[in-house]
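> So I've got this file, query29.cif, and it contains mmCIF, C-alpha atoms:
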```cif
data_final
#
loop_
_atom_site.label_atom_id
_atom_site.label_comp_id
_atom_site.auth_asym_id
_atom_site.auth_seq_id
_atom_site.Cartn_x
_atom_site.Cartn_y
_atom_site.Cartn_z
CA MET A 19 93.39 94.53 102.29
CA VAL A 20 92.26 91.62 100.10
CA TYR A 21 89.53 92.23 97.57
CA ARG A 22 87.33 89.17 97.07
CA ALA A 23 85.38 89.09 93.83
CA LEU A 24 82.11 87.18 94.03
CA TYR A 25 83.21 84.23 91.93
CA ARG A 26 80.23 81.93 91.58
CA VAL A 27 78.23 79.92 89.11
CA ILE A 28 74.88 81.66 88.85
CA ASN A 29 72.90 78.62 87.71
CA ARG A 30 74.59 76.08 90.00
CA ASP A 31 71.31 74.52 91.19
CA GLU A 32 70.14 73.96 87.62
CA LEU A 33 73.44 72.28 86.67
CA LEU A 34 73.20 69.97 89.68
CA SER A 35 69.58 69.02 89.07
CA TYR A 36 70.37 65.74 87.30
CA GLY A 37 73.02 63.18 86.43
CA ASP A 38 76.46 62.77 88.01
CA VAL A 39 75.78 65.37 90.68
CA GLY A 40 78.82 64.56 92.84
CA ALA A 41 81.28 64.87 89.96
CA LYS A 42 79.70 68.08 88.69
CA GLU A 43 79.59 69.66 92.14
CA LEU A 44 83.28 68.89 92.59
CA LEU A 45 84.18 70.60 89.30
CA LEU A 46 82.15 73.69 90.12
CA ASP A 47 83.86 74.04 93.51
CA LEU A 48 87.32 73.57 92.02
CA VAL A 49 86.88 76.01 89.16
CA VAL A 50 85.80 78.74 91.57
CA SER A 51 89.02 78.22 93.53
CA GLY A 52 90.97 78.56 90.27
CA LEU A 53 89.25 81.85 89.48
CA GLU A 54 89.94 83.19 92.95
CA ALA A 55 93.64 82.43 92.49
CA VAL A 56 93.86 84.78 89.50
CA ASN A 57 91.88 87.63 91.01
CA PRO A 58 93.47 90.59 89.18
CA TYR A 59 92.99 93.03 92.05
CA ASN A 60 94.94 90.84 94.46
CA ALA A 61 97.58 90.05 91.83
CA VAL A 62 98.33 93.76 91.35
CA ARG A 63 98.24 94.44 95.11
CA ASP A 64 100.80 91.68 95.63
CA ALA A 65 103.08 93.08 92.92
CA LEU A 66 102.89 96.80 93.62
CA ALA A 67 104.02 98.83 96.63
CA VAL A 68 104.99 102.41 97.48
CA ARG A 69 107.08 103.92 100.26
CA ASP A 70 108.24 107.50 100.58
CA ASN A 71 107.02 108.13 97.01
CA VAL A 72 109.22 105.32 95.69
CA VAL A 73 107.24 102.77 93.67
CA SER A 74 108.37 99.15 93.74
CA ILE A 75 107.36 96.13 91.64
CA TYR A 76 107.93 92.80 93.42
CA GLY A 77 110.40 94.64 95.63
CA ARG A 78 112.31 96.23 92.77
CA GLU A 79 112.37 100.01 93.21
CA VAL A 80 111.43 102.41 90.44
CA ARG A 81 112.48 105.91 91.40
CA VAL A 82 110.27 108.54 89.80
CA SER A 83 110.98 112.25 90.05
CA GLY A 84 107.95 113.19 87.95
CA LYS A 85 104.31 112.12 87.70
CA VAL A 86 102.63 108.71 87.62
CA TYR A 87 100.15 107.92 84.85
CA VAL A 88 97.98 104.81 84.46
CA LEU A 89 96.69 103.19 81.29
CA GLY A 90 94.63 100.01 81.29
CA LEU A 91 93.19 97.82 78.55
CA GLY A 92 91.36 94.52 78.83
CA LYS A 93 88.60 92.73 80.66
CA ALA A 94 90.47 92.81 83.98
CA SER A 95 91.64 96.42 83.67
CA CYS A 96 89.12 97.94 86.11
CA SER A 97 90.01 95.52 88.91
CA MET A 98 93.70 96.12 88.25
CA ALA A 99 93.21 99.91 88.18
CA ARG A 100 91.33 99.84 91.48
CA ALA A 101 94.31 98.08 93.04
CA VAL A 102 96.68 100.73 91.65
CA GLU A 103 94.51 103.50 93.09
CA ASP A 104 94.40 101.79 96.49
CA VAL A 105 98.18 101.34 96.58
CA LEU A 106 99.37 104.61 95.02
CA GLY A 107 96.54 106.96 95.97
CA ASP A 108 97.31 110.59 95.21
CA LEU A 109 100.52 109.68 93.38
CA VAL A 110 98.35 108.92 90.34
CA GLU A 111 98.29 112.07 88.25
CA GLU A 112 95.91 110.79 85.59
CA GLY A 113 94.61 107.51 84.26
CA PHE A 114 92.42 105.92 81.63
CA VAL A 115 91.21 102.33 81.20
CA VAL A 116 89.03 100.60 78.64
CA THR A 117 87.13 97.40 79.35
CA LYS A 118 84.35 95.28 77.90
CA TYR A 119 80.72 96.33 78.12
CA GLY A 120 79.33 95.16 81.47
CA TYR A 121 82.78 95.02 83.12
CA ARG A 122 82.88 98.62 84.30
CA MET A 123 83.88 99.60 87.85
CA GLU A 124 83.76 103.16 89.11
CA LEU A 125 87.23 104.45 89.96
CA GLU A 126 88.32 107.58 91.81
CA ARG A 127 91.11 109.06 89.70
CA ILE A 128 91.04 106.93 86.58
CA ARG A 129 88.55 107.37 83.73
CA VAL A 130 86.73 104.27 82.45
CA LEU A 131 85.42 103.56 78.97
CA GLU A 132 83.57 100.44 77.80
CA ALA A 133 84.06 99.15 74.27
CA GLY A 134 83.39 96.24 71.90
CA HIS A 135 84.71 92.68 72.20
CA PRO A 136 85.53 90.42 70.37
CA ILE A 137 84.86 92.81 67.49
CA PRO A 138 85.99 96.47 67.93
CA ASP A 139 83.52 99.33 67.74
CA GLU A 140 83.61 103.14 67.75
CA ASN A 141 84.47 103.17 71.46
CA SER A 142 87.42 100.87 70.77
CA PHE A 143 88.77 103.46 68.34
CA ARG A 144 88.04 106.26 70.81
CA ALA A 145 90.00 104.27 73.42
CA GLY A 146 92.97 104.01 71.07
CA VAL A 147 92.96 107.75 70.45
CA GLU A 148 92.63 108.61 74.15
CA ALA A 149 95.33 106.11 75.11
CA LEU A 150 97.81 107.57 72.65
CA GLU A 151 97.04 111.11 73.81
CA LEU A 152 97.68 110.11 77.43
CA VAL A 153 100.90 108.27 76.58
CA GLU A 154 102.23 111.28 74.70
CA ARG A 155 101.73 113.45 77.82
CA VAL A 156 104.14 111.25 79.80
CA GLY A 157 107.42 113.12 80.25
CA VAL A 158 110.96 111.75 80.47
CA ASN A 159 110.89 111.86 84.30
CA ASP A 160 107.43 110.34 84.58
CA LEU A 161 106.24 106.76 85.07
CA LEU A 162 103.51 105.11 83.01
CA ILE A 163 101.90 102.04 84.61
CA VAL A 164 100.17 99.96 81.93
CA LEU A 165 97.61 97.37 83.01
CA ILE A 166 97.15 94.72 80.32
CA SER A 167 94.69 91.84 80.21
CA GLY A 168 92.83 89.70 77.72
CA GLY A 169 90.51 91.38 75.28
CA GLY A 170 92.75 94.41 74.89
CA SER A 171 93.35 93.67 71.21
CA SER A 172 89.73 94.50 70.39
CA LEU A 173 88.96 96.96 73.16
CA MET A 174 91.68 99.42 72.14
CA VAL A 175 92.37 99.93 68.45
CA TYR A 176 94.08 102.63 66.44
CA PRO A 177 94.37 101.54 62.81
CA ALA A 178 97.52 102.22 60.86
CA ASN A 179 97.48 104.99 58.27
CA ASP A 180 94.93 104.62 55.45
CA ILE A 181 92.99 101.83 57.25
CA GLY A 182 89.57 102.86 58.48
CA LEU A 183 87.75 101.39 61.48
CA GLU A 184 85.19 99.62 59.28
CA ASP A 185 87.95 97.89 57.31
CA LEU A 186 89.74 96.92 60.51
CA VAL A 187 86.53 95.47 61.98
CA ARG A 188 85.93 93.47 58.80
CA THR A 189 89.45 92.04 59.00
CA TYR A 190 89.09 91.16 62.70
CA ASP A 191 85.79 89.40 62.00
CA LEU A 192 87.30 87.35 59.18
CA LEU A 193 90.25 86.33 61.35
CA VAL A 194 88.09 85.29 64.31
CA ARG A 195 85.95 83.06 62.07
CA SER A 196 88.86 81.57 60.12
CA GLY A 197 90.08 78.99 62.62
CA ALA A 198 93.41 80.80 63.00
CA SER A 199 95.04 80.56 66.44
CA ILE A 200 95.08 83.62 68.69
CA HIS A 201 98.82 83.90 68.00
CA GLU A 202 98.22 84.06 64.26
CA ILE A 203 95.35 86.51 64.65
CA ASN A 204 97.52 88.80 66.77
CA VAL A 205 100.37 88.74 64.24
CA VAL A 206 98.00 90.38 61.75
CA ARG A 207 96.49 92.72 64.34
CA ARG A 208 99.90 94.03 65.38
CA HIS A 209 100.82 94.89 61.81
CA LEU A 210 97.65 96.92 61.23
CA SER A 211 97.97 99.08 64.35
CA ARG A 212 99.67 102.19 65.69
CA VAL A 213 99.45 101.05 69.31
CA LYS A 214 100.05 97.28 69.20
CA GLY A 215 103.35 95.47 68.73
CA GLY A 216 105.20 97.93 70.98
CA GLY A 217 103.39 100.92 69.50
CA LEU A 218 102.76 102.54 72.89
CA VAL A 219 106.48 102.39 73.70
CA ARG A 220 107.32 104.42 70.60
CA HIS A 221 104.99 107.21 71.71
CA CYS A 222 106.12 107.35 75.35
CA ARG A 223 109.17 109.26 76.60
CA GLY A 224 109.03 108.09 80.22
CA ARG A 225 109.54 104.83 82.05
CA ILE A 226 106.95 102.09 81.53
CA ILE A 227 105.97 99.33 83.92
CA SER A 228 103.38 96.89 82.57
CA LEU A 229 101.47 94.56 84.89
CA ILE A 230 99.91 91.79 82.83
CA VAL A 231 97.17 89.22 83.31
CA SER A 232 97.99 86.64 80.65
CA ASP A 233 95.24 85.12 78.53
CA VAL A 234 97.41 83.51 75.83
CA VAL A 235 98.91 80.07 75.50
CA GLY A 236 102.53 80.08 76.61
CA ASP A 237 102.26 83.61 78.10
CA ARG A 238 103.90 85.21 75.05
CA LEU A 239 104.03 88.92 75.85
CA GLU A 240 103.63 89.99 72.23
CA ASP A 241 100.29 88.16 72.07
CA ILE A 242 98.67 89.44 75.26
CA ALA A 243 96.41 92.27 74.01
CA SER A 244 98.71 92.19 70.94
CA GLY A 245 101.70 93.43 72.94
CA PRO A 246 101.31 97.22 73.23
CA THR A 247 104.44 97.44 75.40
CA SER A 248 106.31 94.41 74.07
CA ALA A 249 108.81 93.77 71.31
CA ASP A 250 107.41 91.82 68.37
CA PRO A 251 109.46 89.05 66.73
CA THR A 252 107.02 88.73 63.78
CA THR A 253 107.01 90.67 60.51
CA PHE A 254 104.78 91.86 57.68
CA HIS A 255 105.83 88.69 55.85
CA ASP A 256 104.25 86.63 58.65
CA ALA A 257 101.02 88.64 58.50
CA HIS A 258 100.88 88.20 54.72
CA ARG A 259 101.51 84.45 54.99
CA ILE A 260 98.76 83.98 57.60
CA LEU A 261 96.14 85.81 55.55
CA ARG A 262 97.01 83.71 52.52
CA TYR A 263 97.09 80.43 54.43
CA TYR A 264 93.56 80.89 55.76
CA GLY A 265 92.22 82.09 52.41
CA LEU A 266 91.63 85.63 53.63
CA TRP A 267 93.99 87.62 51.42
CA ASP A 268 91.36 88.22 48.75
CA LYS A 269 88.61 88.78 51.34
CA VAL A 270 90.16 91.48 53.50
CA PRO A 271 89.54 95.12 52.44
CA ASP A 272 91.80 96.72 49.82
CA THR A 273 93.22 99.15 52.40
CA VAL A 274 94.48 96.24 54.49
CA ARG A 275 96.12 94.51 51.51
CA LYS A 276 97.74 97.74 50.34
CA TYR A 277 99.14 98.51 53.79
CA ILE A 278 100.63 95.04 54.21
CA LEU A 279 102.16 95.26 50.73
CA LYS A 280 103.75 98.57 51.75
CA GLY A 281 105.16 96.78 54.77
CA LEU A 282 106.59 94.03 52.60
CA ARG A 283 108.33 96.68 50.50
CA GLY A 284 109.66 98.49 53.57
CA GLU A 285 107.62 101.62 52.90
CA VAL A 286 106.07 101.66 56.40
CA PRO A 287 107.85 100.85 59.67
CA GLU A 288 107.84 97.39 61.18
CA THR A 289 106.58 96.72 64.70
CA LEU A 290 109.00 97.29 67.59
CA LYS A 291 111.83 94.72 67.51
CA LYS A 292 113.87 95.64 70.59
CA LEU A 293 112.53 96.78 73.93
CA PRO A 294 114.35 99.76 75.51
CA SER A 295 115.67 99.32 79.06
CA ARG A 296 113.17 101.88 80.40
CA VAL A 297 110.35 99.37 79.79
CA ARG A 298 109.64 96.36 81.99
CA ASN A 299 106.82 93.82 81.66
CA TYR A 300 105.58 91.61 84.51
CA ILE A 301 103.01 88.80 84.34
CA VAL A 302 101.02 88.92 87.59
CA ALA A 303 98.34 86.27 86.85
CA SER A 304 98.12 83.39 84.37
CA ASN A 305 96.42 80.14 83.45
CA GLU A 306 99.25 78.17 85.05
CA ILE A 307 98.52 79.76 88.43
CA ALA A 308 94.85 78.82 88.15
CA CYS A 309 95.67 75.22 87.18
CA LYS A 310 98.21 74.78 89.99
CA THR A 311 95.70 76.07 92.53
CA ILE A 312 93.06 73.61 91.32
CA TYR A 313 95.66 70.82 91.50
CA GLN A 314 96.42 71.59 95.15
CA LYS A 315 92.73 71.80 96.06
CA ALA A 316 92.06 68.45 94.40
CA LEU A 317 94.92 66.81 96.31
CA ARG A 318 93.41 67.97 99.59
CA ARG A 319 90.09 66.40 98.58
CA GLY A 320 91.66 62.97 98.14
CA LEU A 321 91.73 62.92 94.34
CA ASN A 322 94.52 61.95 91.96
CA PRO A 323 94.96 65.24 90.04
CA TYR A 324 97.03 65.66 86.90
CA ILE A 325 97.76 68.81 84.93
CA LEU A 326 97.73 67.55 81.36
CA THR A 327 98.76 70.86 79.79
CA THR A 328 98.37 74.61 80.10
CA THR A 329 98.84 75.02 76.34
CA LEU A 330 95.83 73.21 74.88
CA GLU A 331 95.08 74.41 71.35
CA GLY A 332 93.31 73.21 68.23
CA GLU A 333 89.76 72.85 66.97
CA ALA A 334 87.54 72.59 70.06
CA LYS A 335 85.45 69.60 68.98
CA ASP A 336 88.56 67.61 68.01
CA ALA A 337 90.50 68.48 71.17
CA ALA A 338 87.49 67.24 73.13
CA LEU A 339 87.60 63.86 71.42
CA ALA A 340 91.29 63.49 72.26
CA ILE A 341 90.72 64.36 75.93
CA GLY A 342 87.64 62.14 75.94
CA SER A 343 89.72 59.18 74.81
CA ILE A 344 92.01 59.64 77.82
CA ILE A 345 88.96 59.76 80.09
CA GLN A 346 87.73 56.44 78.63
CA GLU A 347 91.11 54.81 79.23
CA ILE A 348 91.18 55.93 82.86
CA TYR A 349 87.60 54.85 83.48
CA ARG A 350 87.96 51.40 81.95
CA TYR A 351 91.56 50.44 82.67
CA ASN A 352 92.93 52.87 85.30
CA ARG A 353 95.61 53.96 82.87
CA PRO A 354 97.54 56.14 82.39
CA PHE A 355 96.08 57.44 85.69
CA THR A 356 94.04 55.80 88.43
CA ARG A 357 90.62 56.74 89.70
CA PRO A 358 89.39 58.89 91.34
CA ALA A 359 91.16 61.17 88.91
CA LEU A 360 90.92 64.84 88.12
CA LEU A 361 92.38 65.96 84.80
CA ILE A 362 93.24 69.65 84.50
CA ALA A 363 94.01 71.53 81.31
CA GLY A 364 94.28 75.14 80.26
CA GLY A 365 94.59 76.79 76.91
CA GLU A 366 92.65 78.29 74.05
CA THR A 367 90.82 76.11 71.57
CA THR A 368 89.29 77.55 68.42
CA VAL A 369 86.24 77.13 66.21
CA THR A 370 86.24 77.49 62.44
CA VAL A 371 82.83 78.86 61.47
CA PRO A 372 81.29 79.53 58.05
CA GLU A 373 79.40 82.70 57.18
CA GLU A 374 76.14 81.05 58.22
CA HIS A 375 76.29 79.48 61.66
CA GLY A 376 74.49 79.06 64.95
CA LEU A 377 75.38 80.32 68.41
CA GLY A 378 78.14 79.08 70.66
CA GLY A 379 81.78 79.30 71.64
CA PRO A 380 84.80 76.99 71.71
CA ASN A 381 84.21 75.84 75.30
CA GLN A 382 80.59 75.02 74.58
CA GLU A 383 81.68 73.06 71.49
CA PHE A 384 84.29 71.25 73.60
CA ALA A 385 81.68 70.28 76.19
CA LEU A 386 79.15 69.19 73.60
CA SER A 387 81.69 67.16 71.63
CA VAL A 388 83.07 65.31 74.65
CA THR A 389 79.61 63.94 75.49
CA ARG A 390 80.21 61.41 72.71
CA LYS A 391 83.15 59.98 74.65
CA ILE A 392 81.88 60.04 78.25
CA SER A 393 78.33 58.77 77.68
CA GLY A 394 77.56 55.96 80.14
CA LEU A 395 80.76 56.43 82.19
CA ARG A 396 78.93 56.96 85.48
CA GLY A 397 80.62 59.34 87.91
CA THR A 398 82.28 61.27 85.08
CA ALA A 399 81.85 64.97 84.30
CA VAL A 400 83.62 67.57 82.16
CA LEU A 401 83.65 71.35 82.63
CA ALA A 402 84.98 73.76 80.00
CA ILE A 403 84.79 77.50 80.65
CA ASP A 404 86.34 80.75 79.56
CA THR A 405 87.67 82.40 82.71
CA ASP A 406 86.32 85.83 81.73
CA GLY A 407 82.76 84.53 81.97
CA THR A 408 81.88 84.84 78.28
CA ASP A 409 82.59 82.04 75.84
CA GLY A 410 82.68 83.36 72.29
CA PRO A 411 79.88 85.83 71.45
CA THR A 412 77.55 84.44 74.14
CA ASP A 413 76.49 85.19 77.71
CA ALA A 414 77.58 81.73 78.89
CA ALA A 415 81.03 80.96 80.29
CA GLY A 416 81.00 77.45 78.83
CA GLY A 417 79.46 74.04 79.43
CA LEU A 418 79.25 71.33 82.09
CA VAL A 419 78.35 67.83 80.90
CA ASP A 420 78.34 64.32 82.36
CA SER A 421 77.70 60.70 81.47
CA TYR A 422 73.95 61.32 81.15
CA THR A 423 74.09 64.38 78.89
CA LEU A 424 74.24 62.61 75.53
CA ASP A 425 71.13 60.58 76.37
CA ARG A 426 69.29 63.76 77.39
CA LEU A 427 70.28 65.39 74.11
CA ARG A 428 68.96 62.42 72.16
CA GLU A 429 65.70 62.52 74.13
CA GLU A 430 65.34 66.13 72.98
CA GLY A 431 65.85 65.02 69.37
CA ILE A 432 69.25 66.73 69.17
CA ASP A 433 71.90 65.23 66.88
CA VAL A 434 75.29 66.25 68.34
CA VAL A 435 77.17 65.78 65.08
CA ASP A 436 74.68 67.99 63.21
CA VAL A 437 74.80 70.65 65.93
CA LEU A 438 78.60 70.73 65.83
CA ARG A 439 78.49 71.04 62.05
CA ARG A 440 76.16 74.03 62.39
CA HIS A 441 78.09 75.44 65.37
CA ASP A 442 74.95 75.80 67.49
CA SER A 443 76.26 74.35 70.75
CA TYR A 444 74.72 77.10 72.89
CA ASN A 445 71.15 76.19 72.03
CA ALA A 446 71.79 72.45 72.32
CA LEU A 447 73.38 72.72 75.78
CA LYS A 448 70.69 75.13 76.90
CA ARG A 449 68.00 72.53 76.15
CA VAL A 450 69.60 70.08 78.59
CA SER A 451 70.60 72.54 81.35
CA SER A 452 74.31 72.25 80.63
CA LEU A 453 75.34 75.88 80.01
CA VAL A 454 77.45 77.50 82.73
CA PHE A 455 76.74 81.12 83.66
CA THR A 456 79.09 83.11 85.88
CA GLY A 457 78.55 86.67 84.73
CA PRO A 458 81.61 88.91 84.28
CA THR A 459 84.47 87.56 86.40
CA MET A 460 86.71 90.63 85.94
CA THR A 461 89.64 88.35 85.12
CA ASN A 462 90.80 86.49 82.02
CA VAL A 463 93.49 83.79 81.91
CA ASN A 464 92.46 81.56 79.00
CA SER A 465 90.06 78.69 79.29
CA LEU A 466 89.99 75.96 81.94
CA TYR A 467 89.06 72.33 81.29
CA LEU A 468 88.36 70.08 84.28
CA MET A 469 87.53 66.37 83.95
CA ALA A 470 86.42 64.30 86.95
CA ILE A 471 86.52 60.48 86.69
CA LEU A 472 85.30 59.21 90.07
#
```
Go ahead and express the file in the form of structure tokens.


Amino acid sequence: MVYRALYRVINRDELLSYGDVGAKELLLDLVVSGLEAVNPYNAVRDALAVRDNVVSIYGREVRVSGKVYVLGLGKASCSMARAVEDVLGDLVEEGFVVTKYGYRMELERIRVLEAGHPIPDENSFRAGVEALELVERVGVNDLLIVLISGGGSSLMVYPANDIGLEDLVRTYDLLVRSGASIHEINVVRRHLSRVKGGGLVRHCRGRIISLIVSDVVGDRLEDIASGPTSADPTTFHDAHRILRYYGLWDKVPDTVRKYILKGLRGEVPETLKKLPSRVRNYIVASNEIACKTIYQKALRRGLNPYILTTTLEGEAKDAALAIGSIIQEIYRYNRPFTRPALLIAGGETTVTVPEEHGLGGPNQEFALSVTRKISGLRGTAVLAIDTDGTDGPTDAAGGLVDSYTLDRLREEGIDVVDVLRRHDSYNALKRVSSLVFTGPTMTNVNSLYLMAIL
């Protein structure tokens, strides 16, 4: 059985109503193929099998004389859990998953809870409590299957001693707005949690198999959902340094500062530094897989495709200018690549926002910023989307722009530089029919950036 999610761009006709229609249509077709390649249901089905009550992961047997439990966290956790139910059936003794609001699927044997993202809420805390209670019921002869995907850091929280949920939420909010990379944000998150940074491993007596949909640059296990079943190479000193570097040390709540200071003095335990042999982690879907699939599809359509990177990082508007400069070089001089070219990139850009700001996300800022570089380059289009279907705190997945977009913005009286300064890319792109809407995709493997130069 293959489960096909309905990957589509809801407002496709609107996006193709003007401008470089051929280039934009190409990008929309290719990005859908990339999303299909990282369908979390199929990824888990391909990895997991059972025969005569013996569970195997990619053909490697895991003999279990006890019960099988399932715990899931992240935006793709329901799709992954449905695959586990379909493969293991009655072998599943009990399960619990938490996902983002609007991403719920009804499951047969596994309970589902929706919670807040990107900022945790009361349900996120409830998820942390329920997860720990389930993990502690796993016996030495039992197997715990953990399904991890992007968003898990916010969807399941259990603050360390003396830190309340409100203080944790305040800290998360400050970090998200600071311009810190997801790696740096997760270093702090892990050191304020009972369940992250290998915390679940410490509370589980049985064997653990984690199936992971990666949404972080470089697929670092400790960063995916803040590594609940992974060893953590970072320390309290790293968390302290990051908060100071971004000017947050004096802004975070007192309880957070006091707890980190206790960590610096060795008065509270560090995160898990060595993974026991009873724990195994497997990445089943990633940004690289999506990019490689798009590359192959583009080859078959007669294009010259190039994967620039799967580790794109940095301030979104600045990364866009760098990519835009490459587009200009290809368009004008056929170097370093020749037309018709398709540039492919994956990664996670960031946006540094002040207390007062507009509405948007990093992919929308990327799309808006790159219009300054591709204006007038007929047959050129750029698509930037978050693969989970929600870019930042918005209902849009990202933006699709072309060589006509900047002129349309100017006709609407929109100053791109001013909009980027105010971080209001959503409303600017909306005015010129350049927002991309997919709805929840039930997967999450970082952002994708596709650039067609035809």

> So that I can check the surroundings of A:Thr311, please list as a list in words every protein, DNA and RNA residue that reaches within 9 Å of it, counting all atoms listed in the file and ignoring chain neighbours fewer than 3 positions away.

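Skipping anything fewer than 3 positions along the chain leaves Leu48, Ser51, Gly52, Ala55, Glu306, Ile307, Ala308, Gln314, Lys315 and Ala316 of chain A.
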
> Counting only C-alpha atoms, figure out which residue out of A:Ala65, A:Leu293, A:Val463, A:Val219 gets nearest to A:Thr329.

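Looking at the shortest contact to A:Thr329, the residue is A:Val463.
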
> Skipping near chain neighbours, those fewer than 2 positions away, what residues fall within 10 Å of A:Arg449 using all atoms listed in the file, listed as number ranges by chain?

A: 426-427, 430, 432, 444-447, 451-453

> Apply the PyMOL selection byres ((chain A and resi 278) around 9) to the displayed file and report the matching residues as a PDB file with C-alpha atoms, in the coordinates of the input.


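Result file is expr_38.pdb:
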```pdb
ATOM      1  CA  HIS A 209     100.820  94.890  61.810  1.00  0.00           C
ATOM      2  CA  LEU A 210      97.650  96.920  61.230  1.00  0.00           C
ATOM      3  CA  PHE A 254     104.780  91.860  57.680  1.00  0.00           C
ATOM      4  CA  HIS A 255     105.830  88.690  55.850  1.00  0.00           C
ATOM      5  CA  ALA A 257     101.020  88.640  58.500  1.00  0.00           C
ATOM      6  CA  HIS A 258     100.880  88.200  54.720  1.00  0.00           C
ATOM      7  CA  THR A 273      93.220  99.150  52.400  1.00  0.00           C
ATOM      8  CA  VAL A 274      94.480  96.240  54.490  1.00  0.00           C
ATOM      9  CA  ARG A 275      96.120  94.510  51.510  1.00  0.00           C
ATOM     10  CA  LYS A 276      97.740  97.740  50.340  1.00  0.00           C
ATOM     11  CA  TYR A 277      99.140  98.510  53.790  1.00  0.00           C
ATOM     12  CA  LEU A 279     102.160  95.260  50.730  1.00  0.00           C
ATOM     13  CA  LYS A 280     103.750  98.570  51.750  1.00  0.00           C
ATOM     14  CA  GLY A 281     105.160  96.780  54.770  1.00  0.00           C
ATOM     15  CA  LEU A 282     106.590  94.030  52.600  1.00  0.00           C
ATOM     16  CA  ARG A 283     108.330  96.680  50.500  1.00  0.00           C
ATOM     17  CA  VAL A 286     106.070 101.660  56.400  1.00  0.00           C
TER      18      VAL A 286
END
```

> Could you check the closest approach to A:Thr412 for each of A:Ala249, A:Gly397, A:His221, A:Pro136 and tell me which residue wins, using all atoms listed in the file?

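Selected residue with least distance to A:Thr412: A:Pro136.
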
> Please identify all polymer residues within 9 Å of A:Asp250, counting all atoms listed in the file, omitting same-chain residues fewer than 3 positions from it, and present them as number ranges by chain.

A: 205, 208, 215-216, 239-241, 245, 253, 289-292

> I need the output of the PyMOL selection byres ((chain A and resi 152) around 9) for this file as a list in words; which residues are they?

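Listing what the PyMOL selection byres ((chain A and resi 152) around 9) selects in the shown file: Tyr87, Val88, Leu89, Glu112, Gly113, Phe114, Val147, Glu148, Ala149, Leu150, Glu151, Val153, Glu154, Arg155 and Val156 of chain A.
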
> Which residues, named as in the file, does the PyMOL selection byres ((chain A and resi 378-384) around 7) pick out? Answer as a VMD selection string.

chain A and resid 334 to 335 338 367 to 369 376 to 377 385 to 388 402 to 404 409 to 412 416 to 417 438 441 to 444

> So, counting all atoms listed in the file, which residue among A:Val206, A:Met98, A:Ile344, A:Leu326 is closest to A:Trp267?

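Among A:Val206, A:Met98, A:Ile344, A:Leu326, it is A:Val206 that comes nearest to A:Trp267.
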
> Could you state the separation of atom CA of A:Leu330 and atom CA of A:Gly365 in Å, given to one decimal place?

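Separating atom CA of A:Leu330 from atom CA of A:Gly365 is a distance of 4.3 Å.
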
> Select, from A:Ile227, A:Ala414, A:Val49, A:Ala101, the residue with the minimum atom-to-atom distance to A:Ile312, counting all atoms listed in the file.

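Using all atoms listed in the file, A:Ile312 sits closest to A:Val49.
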
> Restricting the calculation to only C-alpha atoms, which member of A:Asp70, A:Glu126, A:Glu103, A:Glu202 is positioned closest to A:Ser83?

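Among A:Asp70, A:Glu126, A:Glu103, A:Glu202, it is A:Asp70 that comes nearest to A:Ser83.
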
> For a test of reading the model, state the distance in Å between atom CA of A:Leu321 and atom CA of A:Leu360, rounded to one decimal.

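Between atom CA of A:Leu321 and atom CA of A:Leu360 the gap is 6.6 Å.
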
> What does the structure give for the distance between atom CA of A:Asn462 and atom CA of A:Ser142, in Å to one decimal?

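According to the coordinates, atom CA of A:Asn462 and atom CA of A:Ser142 are separated by 18.6 Å.
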
> Pick the closest to A:Asp64 from A:Ser211, A:Ile301, A:Cys309, A:Asn179: which is it, counting all atoms listed in the file?

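The answer is A:Ile301, which sits nearest to A:Asp64.
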
> Skip A:Leu192 itself and residues of its chain fewer than 6 positions away, then list as number ranges by chain all residues within 12 Å of it, counting all atoms listed in the file.

A: 136-137, 185-186, 198, 203, 206-207, 261, 264-271, 370-373

> Please write N, CA and C atoms of stretch 269-275 of chain A, from the structure given just now, as a CSV table (one decimal), in the first residue's frame.


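Saved the output as part-v5.csv:
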```csv
chain,number,residue,atom,x,y,z
A,269,LYS,N,17.2,39.6,29.1
A,269,LYS,CA,15.8,39.7,28.8
A,269,LYS,C,15.0,38.4,29.1
A,270,VAL,N,15.7,37.3,29.2
A,270,VAL,CA,15.0,36.1,29.6
A,270,VAL,C,14.6,36.1,31.0
A,271,PRO,N,13.6,35.4,31.4
A,271,PRO,CA,13.1,35.4,32.8
A,271,PRO,C,14.2,35.0,33.8
A,272,ASP,N,14.0,35.4,35.0
A,272,ASP,CA,15.0,35.1,36.1
A,272,ASP,C,15.1,33.6,36.3
A,273,THR,N,14.0,32.9,36.2
A,273,THR,CA,14.1,31.4,36.4
A,273,THR,C,15.0,30.7,35.4
A,274,VAL,N,15.0,31.2,34.2
A,274,VAL,CA,15.9,30.7,33.1
A,274,VAL,C,17.3,31.0,33.4
A,275,ARG,N,17.6,32.2,33.8
A,275,ARG,CA,19.0,32.6,34.1
A,275,ARG,C,19.5,31.8,35.3
```
